[in-house]
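Asks: Enclosed is the structure file work_8.txt (compact mmCIF, C-alpha atoms).
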```txt
# COMPACT_ATOMS: atom_id res chain seq x y z
CA MET A 457 -11.53 16.11 2.46
CA SER A 458 -8.49 15.23 0.45
CA ARG A 459 -6.60 12.20 -0.77
CA ALA A 460 -3.93 12.87 1.86
CA THR A 461 -6.47 13.11 4.71
CA ILE A 462 -8.23 9.88 3.75
CA SER A 463 -4.90 8.07 3.24
CA ALA A 464 -3.70 9.23 6.67
CA ARG A 465 -6.87 7.84 8.29
CA ILE A 466 -6.45 4.51 6.51
CA LYS A 467 -2.93 4.41 7.97
CA VAL A 468 -4.30 5.07 11.48
CA ASN A 469 -6.81 2.24 11.12
CA LEU A 470 -4.14 -0.19 9.91
CA GLY A 471 -2.05 0.72 12.96
CA THR A 472 -5.06 0.22 15.22
CA ALA A 473 -5.50 -3.25 13.69
CA GLY A 474 -1.93 -4.12 14.71
CA CYS A 475 -0.08 -3.57 11.44
CA SER A 476 3.52 -2.29 11.44
CA ASN A 477 5.68 -0.43 8.92
CA ILE A 478 2.77 1.30 7.21
CA TYR A 479 3.58 3.57 4.29
CA GLU A 480 1.35 5.87 2.28
CA ARG A 481 3.25 4.87 -0.84
CA LYS A 482 4.94 1.77 -2.18
CA ARG A 483 8.38 0.98 -0.81
CA TRP A 484 10.52 -1.40 -2.82
CA THR A 485 14.15 -2.30 -3.14
CA ASN A 486 16.10 -5.24 -4.49
CA ASN A 487 18.80 -4.75 -1.85
CA GLU A 488 18.26 -7.38 0.85
CA ASP A 489 19.75 -5.33 3.72
CA LYS A 490 17.67 -2.27 2.83
CA PHE A 491 14.56 -4.43 2.42
CA ARG A 492 15.06 -5.90 5.88
CA SER A 493 15.65 -2.46 7.42
CA ILE A 494 12.48 -1.01 5.85
CA PHE A 495 10.21 -3.92 6.84
CA LYS A 496 11.78 -5.22 10.07
CA LYS A 497 9.49 -5.68 13.06
CA THR A 498 10.67 -6.98 16.43
CA VAL A 499 8.25 -8.30 19.05
CA ASN A 500 9.46 -9.90 22.29
CA GLY A 501 12.96 -10.20 20.82
CA VAL A 502 11.76 -12.00 17.68
CA THR A 503 12.28 -10.18 14.39
CA HIS A 504 10.24 -10.76 11.25
CA ILE A 505 9.30 -8.89 8.07
CA GLU A 506 6.08 -6.88 7.87
CA GLY A 507 5.00 -3.97 5.71
CA TRP A 508 1.84 -2.27 4.43
CA PHE A 509 1.38 0.14 1.52
CA ILE A 510 -1.56 2.45 0.88
CA GLN A 511 -2.11 3.78 -2.61
CA ARG A 512 -5.03 5.53 -4.28
CA VAL A 513 -5.29 3.83 -7.65
CA ASN A 514 -8.45 5.35 -9.09
CA THR A 515 -10.85 8.24 -8.58
CA GLN A 516 -14.16 8.72 -10.35
CA GLU A 517 -16.07 11.97 -10.17
CA GLN A 518 -19.76 12.58 -10.70
CA PHE A 519 -21.50 15.94 -11.08
CA LEU A 520 -24.37 15.97 -8.57
CA THR A 521 -25.69 19.53 -8.46
CA ASN A 522 -24.50 23.06 -9.14
CA ARG A 523 -23.03 22.93 -5.65
CA GLU A 524 -21.73 19.40 -5.19
CA ASN A 525 -19.66 16.66 -6.82
CA LEU A 526 -19.37 13.06 -5.71
CA PHE A 527 -15.97 11.35 -5.69
CA VAL A 528 -15.36 7.63 -5.31
CA HIS A 529 -11.72 6.73 -4.62
CA THR A 530 -10.35 3.21 -5.03
CA TRP A 531 -7.60 2.40 -2.53
CA HIS A 532 -5.14 -0.47 -2.89
CA ILE A 533 -3.64 -1.74 0.35
CA GLN A 534 -0.86 -4.25 -0.03
CA GLY A 535 0.57 -6.22 2.87
CA ILE A 536 3.63 -8.43 3.28
CA TYR A 537 4.50 -10.62 6.24
CA GLY A 538 7.54 -12.89 6.60
CA ILE A 539 6.85 -16.60 6.35
CA ASP A 540 7.81 -18.71 9.35
CA ASP A 541 6.28 -22.16 9.09
CA ASP A 542 7.37 -23.15 12.62
CA ALA A 543 5.51 -20.14 14.05
CA ASP A 544 2.39 -20.75 11.89
CA SER A 545 2.76 -17.32 10.27
CA GLU A 546 0.00 -18.16 7.76
CA THR A 547 -2.58 -18.18 10.56
CA THR A 548 -1.12 -15.02 12.10
CA PHE A 549 -1.28 -13.21 8.76
CA GLN A 550 -4.83 -14.38 8.00
CA ASP A 551 -5.93 -13.30 11.50
CA LEU A 552 -4.32 -9.89 10.96
CA ILE A 553 -6.27 -9.46 7.72
CA GLU A 554 -9.50 -10.28 9.60
CA THR A 555 -8.62 -7.74 12.29
CA ILE A 556 -8.09 -5.12 9.57
CA CYS A 557 -11.54 -5.88 8.12
CA THR A 558 -13.13 -5.64 11.57
CA THR A 559 -11.34 -2.36 12.35
CA PHE A 560 -12.70 -0.72 9.20
CA ARG A 561 -16.21 -2.05 9.85
CA GLY A 562 -16.12 -0.03 13.06
CA ASP A 563 -15.14 3.21 11.29
CA TRP A 564 -17.66 3.52 8.45
CA HIS A 565 -16.81 7.21 7.80
CA LEU A 566 -13.05 6.98 8.48
CA ASN A 567 -13.34 9.40 11.37
CA SER A 568 -15.34 11.84 9.20
CA THR A 569 -12.69 12.00 6.45
CA CYS A 570 -15.21 10.67 3.91
CA GLU A 571 -18.94 10.20 3.54
CA ASN A 572 -18.67 6.42 3.80
CA ILE A 573 -16.74 3.31 2.79
CA ASN A 574 -19.77 1.80 1.05
CA PRO A 575 -20.20 3.82 -2.16
CA ASN A 576 -23.49 3.78 -4.01
CA TRP A 577 -21.85 4.69 -7.31
CA GLY A 578 -18.66 3.86 -9.21
CA PRO A 579 -16.38 0.82 -9.20
CA GLY A 580 -16.97 0.03 -5.53
CA SER A 581 -20.74 0.33 -5.68
CA GLY A 582 -22.29 -1.89 -3.04
CA ARG A 583 -18.93 -2.98 -1.59
CA GLY A 584 -18.70 -2.06 2.06
CA GLY A 585 -15.44 -1.93 3.96
CA ILE A 586 -12.20 -3.73 3.18
CA GLN A 587 -12.30 -6.21 0.30
CA VAL A 588 -9.81 -9.08 0.42
CA ASP A 589 -8.85 -9.45 -3.23
CA LEU A 590 -5.87 -11.79 -2.99
CA VAL A 591 -3.81 -13.67 -0.41
CA ASP A 592 -0.72 -15.48 -1.65
CA GLU A 593 3.06 -15.70 -1.23
CA ARG A 594 5.78 -13.61 -2.87
CA MET A 595 9.55 -13.74 -3.02
CA PHE A 596 11.52 -10.55 -2.39
CA CYS A 597 15.21 -9.93 -3.14
CA ARG A 598 15.34 -13.53 -4.45
CA LYS A 599 15.70 -14.73 -0.84
CA ILE A 600 12.88 -13.52 1.38
CA LEU A 601 9.61 -15.44 1.14
CA CYS A 602 6.58 -13.52 2.47
CA HIS A 603 2.86 -13.84 2.78
CA HIS A 604 1.25 -11.18 0.61
CA CYS A 605 -2.23 -9.70 0.32
CA ASP A 606 -4.03 -7.23 -1.88
CA LEU A 607 -6.89 -5.43 -0.15
CA SER A 608 -9.14 -2.77 -1.60
CA LEU A 609 -11.26 -0.06 -0.06
CA TYR A 610 -13.67 2.32 -1.76
CA THR A 611 -14.36 5.72 -0.21
CA GLN A 612 -17.14 8.07 -1.19
CA GLU A 613 -17.04 11.78 -0.53
CA ARG A 614 -19.19 14.74 -1.45
CA VAL A 615 -17.27 17.90 -2.16
CA ASP A 616 -18.61 21.42 -2.44
CA ARG A 617 -17.84 22.56 -5.98
CA SER A 618 -16.38 25.83 -4.71
CA ARG A 619 -13.53 23.78 -3.22
CA ILE A 620 -12.68 22.09 -6.53
CA ALA A 621 -13.27 24.84 -9.05
```
Just dump the structure as structure tokens.
Replies:
Amino acid sequence: MSRATISARIKVNLGTAGCSNIYERKRWTNNEDKFRSIFKKTVNGVTHIEGWFIQRVNTQEQFLTNRENLFVHTWHIQGIYGIDDDADSETTFQDLIETICTTFRGDWHLNSTCENINPNWGPGSGRGGIQVDLVDERMFCRKILCHHCDLSLYTQERVDRSRIA
């Protein structure tokens, strides 16, 4: 498969988990109005901030045979979610992260876009599914306080060398 195909499947799974405003690249601005327009989500008439970014940050390649190479891609998934203490947004955000983890556990091969999400080689060796690396809070545009998370995912794929030569 390709980086684009795997990234697109990660985006589908995030959507299935209930995430909104999912981008296959980072989206940033220091303009408050633009920030709100990029990350606005409205549910039942209530608007809040939510956004997810998918980025491949590392690929390692291993020569397997004269016919095959093994690739392990490291994916960084970053999420932001507007803080609303009255609505207990911390619990909502934490529950959404758990739903993401569960969704990926049910799609071990990312709909056949990769060999698996539990590589046996490389930086993600032995790590299966979504890894929750960090959950904290961040300030955007000096005014908008959001929950934030860094998730990682490691995908393994075997590629026929004739496709990469």
Asks: So what do you get for atom CA of Thr521 of chain A versus atom CA of Arg619 of chain A, distance-wise?
Replies: 13.9 Å
Asks: Could you pull out every residue with an atom within 12 Å of (-5.8, -12.0, 10.8), file coordinates, counting all atoms listed in the file, and send them as a ChimeraX atom specification?
Replies: /A:470,473-475,535,537,545-559,588,591,603,605
Asks: Find the spatial neighbours of Ile600 of chain A, counting all atoms listed in the file, within a cut-off of 10 Å - ignore same-chain residues fewer than 6 positions away - and output them as a list in words.
Replies: Glu488, Phe491, Arg492, Ile505, Gly538, Ile539 and Arg594 of chain A
Asks: Distance cut-off 9 Å, centre (-10.9, 6.1, -10.9) in file coordinates, counting all atoms listed in the file: which residues qualify? Return them as a PDB file with C-alpha atoms, in the coordinates of the input.
Replies:
```pdb
ATOM      1  CA  ARG A 512      -5.030   5.530  -4.280  1.00  0.00           C
ATOM      2  CA  VAL A 513      -5.290   3.830  -7.650  1.00  0.00           C
ATOM      3  CA  ASN A 514      -8.450   5.350  -9.090  1.00  0.00           C
ATOM      4  CA  THR A 515     -10.850   8.240  -8.580  1.00  0.00           C
ATOM      5  CA  GLN A 516     -14.160   8.720 -10.350  1.00  0.00           C
ATOM      6  CA  GLU A 517     -16.070  11.970 -10.170  1.00  0.00           C
ATOM      7  CA  PHE A 527     -15.970  11.350  -5.690  1.00  0.00           C
ATOM      8  CA  VAL A 528     -15.360   7.630  -5.310  1.00  0.00           C
ATOM      9  CA  HIS A 529     -11.720   6.730  -4.620  1.00  0.00           C
ATOM     10  CA  THR A 530     -10.350   3.210  -5.030  1.00  0.00           C
ATOM     11  CA  GLY A 578     -18.660   3.860  -9.210  1.00  0.00           C
ATOM     12  CA  PRO A 579     -16.380   0.820  -9.200  1.00  0.00           C
TER      13      PRO A 579
END
```
Asks: If I take atom CA of Leu609 of chain A and atom CA of Lys496 of chain A, how far is one from the other in Å, to one decimal?
Replies: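 Answer for the atom CA of Leu609 of chain A to atom CA of Lys496 of chain A separation: 25.7 Å.
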Asks: Which residue out of A:Ile510, A:Cys570, A:Ile533, A:Leu601 has the minimum interatomic distance to Gln587 of chain A when all atoms listed in the file are used?
Replies: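 Among A:Ile510, A:Cys570, A:Ile533, A:Leu601, it is A:Ile533 that comes nearest to Gln587 of chain A.
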Asks: Quick one: of A:Gln612, A:Thr498, A:Asp563, A:His604, who's nearest to Arg583 of chain A, counting only C-alpha atoms?
Replies: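 Nearest candidate to Arg583 of chain A out of A:Gln612, A:Thr498, A:Asp563, A:His604: A:Gln612.
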Asks: Using only C-alpha atoms, which of the listed residues (A:Ile586, A:Val615, A:Leu566, A:Ile478) sits closest to Arg465 of chain A?
Replies: A:Leu566
Asks: As a PDB file, in the coordinates of the input, please: segment 537-573 of chain A completed to N, CA and C atoms.
Replies:
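Wrote it out as selection09.pdb, contents follow:
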```pdb
ATOM      1  N   TYR A 537       4.233 -10.102   4.900  1.00  0.00           N
ATOM      2  CA  TYR A 537       4.500 -10.620   6.240  1.00  0.00           C
ATOM      3  C   TYR A 537       5.406 -11.837   6.082  1.00  0.00           C
ATOM      4  N   GLY A 538       6.553 -11.825   6.738  1.00  0.00           N
ATOM      5  CA  GLY A 538       7.540 -12.890   6.600  1.00  0.00           C
ATOM      6  C   GLY A 538       6.993 -14.263   6.953  1.00  0.00           C
ATOM      7  N   ILE A 539       7.309 -15.235   6.117  1.00  0.00           N
ATOM      8  CA  ILE A 539       6.850 -16.600   6.350  1.00  0.00           C
ATOM      9  C   ILE A 539       7.759 -17.284   7.362  1.00  0.00           C
ATOM     10  N   ASP A 540       7.112 -17.892   8.357  1.00  0.00           N
ATOM     11  CA  ASP A 540       7.810 -18.710   9.350  1.00  0.00           C
ATOM     12  C   ASP A 540       6.894 -19.891   9.651  1.00  0.00           C
ATOM     13  N   ASP A 541       7.150 -20.999   8.963  1.00  0.00           N
ATOM     14  CA  ASP A 541       6.280 -22.160   9.090  1.00  0.00           C
ATOM     15  C   ASP A 541       6.211 -22.671  10.525  1.00  0.00           C
ATOM     16  N   ASP A 542       7.347 -22.664  11.233  1.00  0.00           N
ATOM     17  CA  ASP A 542       7.370 -23.150  12.620  1.00  0.00           C
ATOM     18  C   ASP A 542       6.479 -22.323  13.542  1.00  0.00           C
ATOM     19  N   ALA A 543       6.331 -21.035  13.223  1.00  0.00           N
ATOM     20  CA  ALA A 543       5.510 -20.140  14.050  1.00  0.00           C
ATOM     21  C   ALA A 543       4.078 -20.017  13.519  1.00  0.00           C
ATOM     22  N   ASP A 544       3.735 -20.800  12.496  1.00  0.00           N
ATOM     23  CA  ASP A 544       2.390 -20.750  11.890  1.00  0.00           C
ATOM     24  C   ASP A 544       2.038 -19.331  11.442  1.00  0.00           C
ATOM     25  N   SER A 545       2.959 -18.705  10.715  1.00  0.00           N
ATOM     26  CA  SER A 545       2.760 -17.320  10.270  1.00  0.00           C
ATOM     27  C   SER A 545       1.562 -17.167   9.337  1.00  0.00           C
ATOM     28  N   GLU A 546       1.177 -18.226   8.641  1.00  0.00           N
ATOM     29  CA  GLU A 546       0.000 -18.160   7.760  1.00  0.00           C
ATOM     30  C   GLU A 546      -1.242 -17.794   8.576  1.00  0.00           C
ATOM     31  N   THR A 547      -1.423 -18.472   9.706  1.00  0.00           N
ATOM     32  CA  THR A 547      -2.580 -18.180  10.560  1.00  0.00           C
ATOM     33  C   THR A 547      -2.485 -16.765  11.129  1.00  0.00           C
ATOM     34  N   THR A 548      -1.311 -16.372  11.560  1.00  0.00           N
ATOM     35  CA  THR A 548      -1.120 -15.020  12.100  1.00  0.00           C
ATOM     36  C   THR A 548      -1.473 -13.969  11.052  1.00  0.00           C
ATOM     37  N   PHE A 549      -1.004 -14.164   9.830  1.00  0.00           N
ATOM     38  CA  PHE A 549      -1.280 -13.210   8.760  1.00  0.00           C
ATOM     39  C   PHE A 549      -2.767 -13.169   8.419  1.00  0.00           C
ATOM     40  N   GLN A 550      -3.391 -14.333   8.296  1.00  0.00           N
ATOM     41  CA  GLN A 550      -4.830 -14.380   8.000  1.00  0.00           C
ATOM     42  C   GLN A 550      -5.636 -13.710   9.120  1.00  0.00           C
ATOM     43  N   ASP A 551      -5.237 -13.933  10.366  1.00  0.00           N
ATOM     44  CA  ASP A 551      -5.930 -13.300  11.500  1.00  0.00           C
ATOM     45  C   ASP A 551      -5.747 -11.778  11.463  1.00  0.00           C
ATOM     46  N   LEU A 552      -4.574 -11.323  11.070  1.00  0.00           N
ATOM     47  CA  LEU A 552      -4.320  -9.890  10.960  1.00  0.00           C
ATOM     48  C   LEU A 552      -5.217  -9.270   9.886  1.00  0.00           C
ATOM     49  N   ILE A 553      -5.371  -9.955   8.776  1.00  0.00           N
ATOM     50  CA  ILE A 553      -6.270  -9.460   7.720  1.00  0.00           C
ATOM     51  C   ILE A 553      -7.695  -9.350   8.256  1.00  0.00           C
ATOM     52  N   GLU A 554      -8.155 -10.343   9.011  1.00  0.00           N
ATOM     53  CA  GLU A 554      -9.500 -10.280   9.600  1.00  0.00           C
ATOM     54  C   GLU A 554      -9.636  -9.127  10.581  1.00  0.00           C
ATOM     55  N   THR A 555      -8.598  -8.867  11.350  1.00  0.00           N
ATOM     56  CA  THR A 555      -8.620  -7.740  12.290  1.00  0.00           C
ATOM     57  C   THR A 555      -8.700  -6.423  11.523  1.00  0.00           C
ATOM     58  N   ILE A 556      -7.998  -6.321  10.413  1.00  0.00           N
ATOM     59  CA  ILE A 556      -8.090  -5.120   9.570  1.00  0.00           C
ATOM     60  C   ILE A 556      -9.526  -4.924   9.110  1.00  0.00           C
ATOM     61  N   CYS A 557     -10.150  -5.978   8.590  1.00  0.00           N
ATOM     62  CA  CYS A 557     -11.540  -5.880   8.120  1.00  0.00           C
ATOM     63  C   CYS A 557     -12.467  -5.423   9.245  1.00  0.00           C
ATOM     64  N   THR A 558     -12.297  -5.993  10.422  1.00  0.00           N
ATOM     65  CA  THR A 558     -13.130  -5.640  11.570  1.00  0.00           C
ATOM     66  C   THR A 558     -12.910  -4.187  11.984  1.00  0.00           C
ATOM     67  N   THR A 559     -11.658  -3.735  11.972  1.00  0.00           N
ATOM     68  CA  THR A 559     -11.340  -2.360  12.350  1.00  0.00           C
ATOM     69  C   THR A 559     -12.050  -1.366  11.427  1.00  0.00           C
ATOM     70  N   PHE A 560     -12.044  -1.630  10.146  1.00  0.00           N
ATOM     71  CA  PHE A 560     -12.700  -0.720   9.200  1.00  0.00           C
ATOM     72  C   PHE A 560     -14.212  -0.792   9.310  1.00  0.00           C
ATOM     73  N   ARG A 561     -14.755  -1.962   9.647  1.00  0.00           N
ATOM     74  CA  ARG A 561     -16.210  -2.050   9.850  1.00  0.00           C
ATOM     75  C   ARG A 561     -16.666  -1.150  10.987  1.00  0.00           C
ATOM     76  N   GLY A 562     -15.783  -0.891  11.923  1.00  0.00           N
ATOM     77  CA  GLY A 562     -16.120  -0.030  13.060  1.00  0.00           C
ATOM     78  C   GLY A 562     -15.891   1.445  12.814  1.00  0.00           C
ATOM     79  N   ASP A 563     -15.437   1.804  11.609  1.00  0.00           N
ATOM     80  CA  ASP A 563     -15.140   3.210  11.290  1.00  0.00           C
ATOM     81  C   ASP A 563     -15.668   3.519   9.880  1.00  0.00           C
ATOM     82  N   TRP A 564     -16.981   3.447   9.742  1.00  0.00           N
ATOM     83  CA  TRP A 564     -17.660   3.520   8.450  1.00  0.00           C
ATOM     84  C   TRP A 564     -17.405   4.843   7.707  1.00  0.00           C
ATOM     85  N   HIS A 565     -17.037   5.893   8.426  1.00  0.00           N
ATOM     86  CA  HIS A 565     -16.810   7.210   7.800  1.00  0.00           C
ATOM     87  C   HIS A 565     -15.341   7.641   7.921  1.00  0.00           C
ATOM     88  N   LEU A 566     -14.483   6.708   8.298  1.00  0.00           N
ATOM     89  CA  LEU A 566     -13.050   6.980   8.480  1.00  0.00           C
ATOM     90  C   LEU A 566     -12.838   8.258   9.285  1.00  0.00           C
ATOM     91  N   ASN A 567     -13.454   8.264  10.461  1.00  0.00           N
ATOM     92  CA  ASN A 567     -13.340   9.400  11.370  1.00  0.00           C
ATOM     93  C   ASN A 567     -13.721  10.719  10.692  1.00  0.00           C
ATOM     94  N   SER A 568     -14.785  10.672   9.918  1.00  0.00           N
ATOM     95  CA  SER A 568     -15.340  11.840   9.200  1.00  0.00           C
ATOM     96  C   SER A 568     -14.445  12.365   8.079  1.00  0.00           C
ATOM     97  N   THR A 569     -13.508  11.552   7.585  1.00  0.00           N
ATOM     98  CA  THR A 569     -12.690  12.000   6.450  1.00  0.00           C
ATOM     99  C   THR A 569     -13.380  11.735   5.120  1.00  0.00           C
ATOM    100  N   CYS A 570     -14.442  10.921   5.131  1.00  0.00           N
ATOM    101  CA  CYS A 570     -15.210  10.670   3.910  1.00  0.00           C
ATOM    102  C   CYS A 570     -16.668  10.427   4.288  1.00  0.00           C
ATOM    103  N   GLU A 571     -17.521  10.435   3.287  1.00  0.00           N
ATOM    104  CA  GLU A 571     -18.940  10.200   3.540  1.00  0.00           C
ATOM    105  C   GLU A 571     -19.181   8.773   4.021  1.00  0.00           C
ATOM    106  N   ASN A 572     -18.544   7.812   3.374  1.00  0.00           N
ATOM    107  CA  ASN A 572     -18.670   6.420   3.800  1.00  0.00           C
ATOM    108  C   ASN A 572     -17.671   5.543   3.045  1.00  0.00           C
ATOM    109  N   ILE A 573     -17.571   4.290   3.493  1.00  0.00           N
ATOM    110  CA  ILE A 573     -16.740   3.310   2.790  1.00  0.00           C
ATOM    111  C   ILE A 573     -17.637   2.230   2.183  1.00  0.00           C
TER     112      ILE A 573
END
```
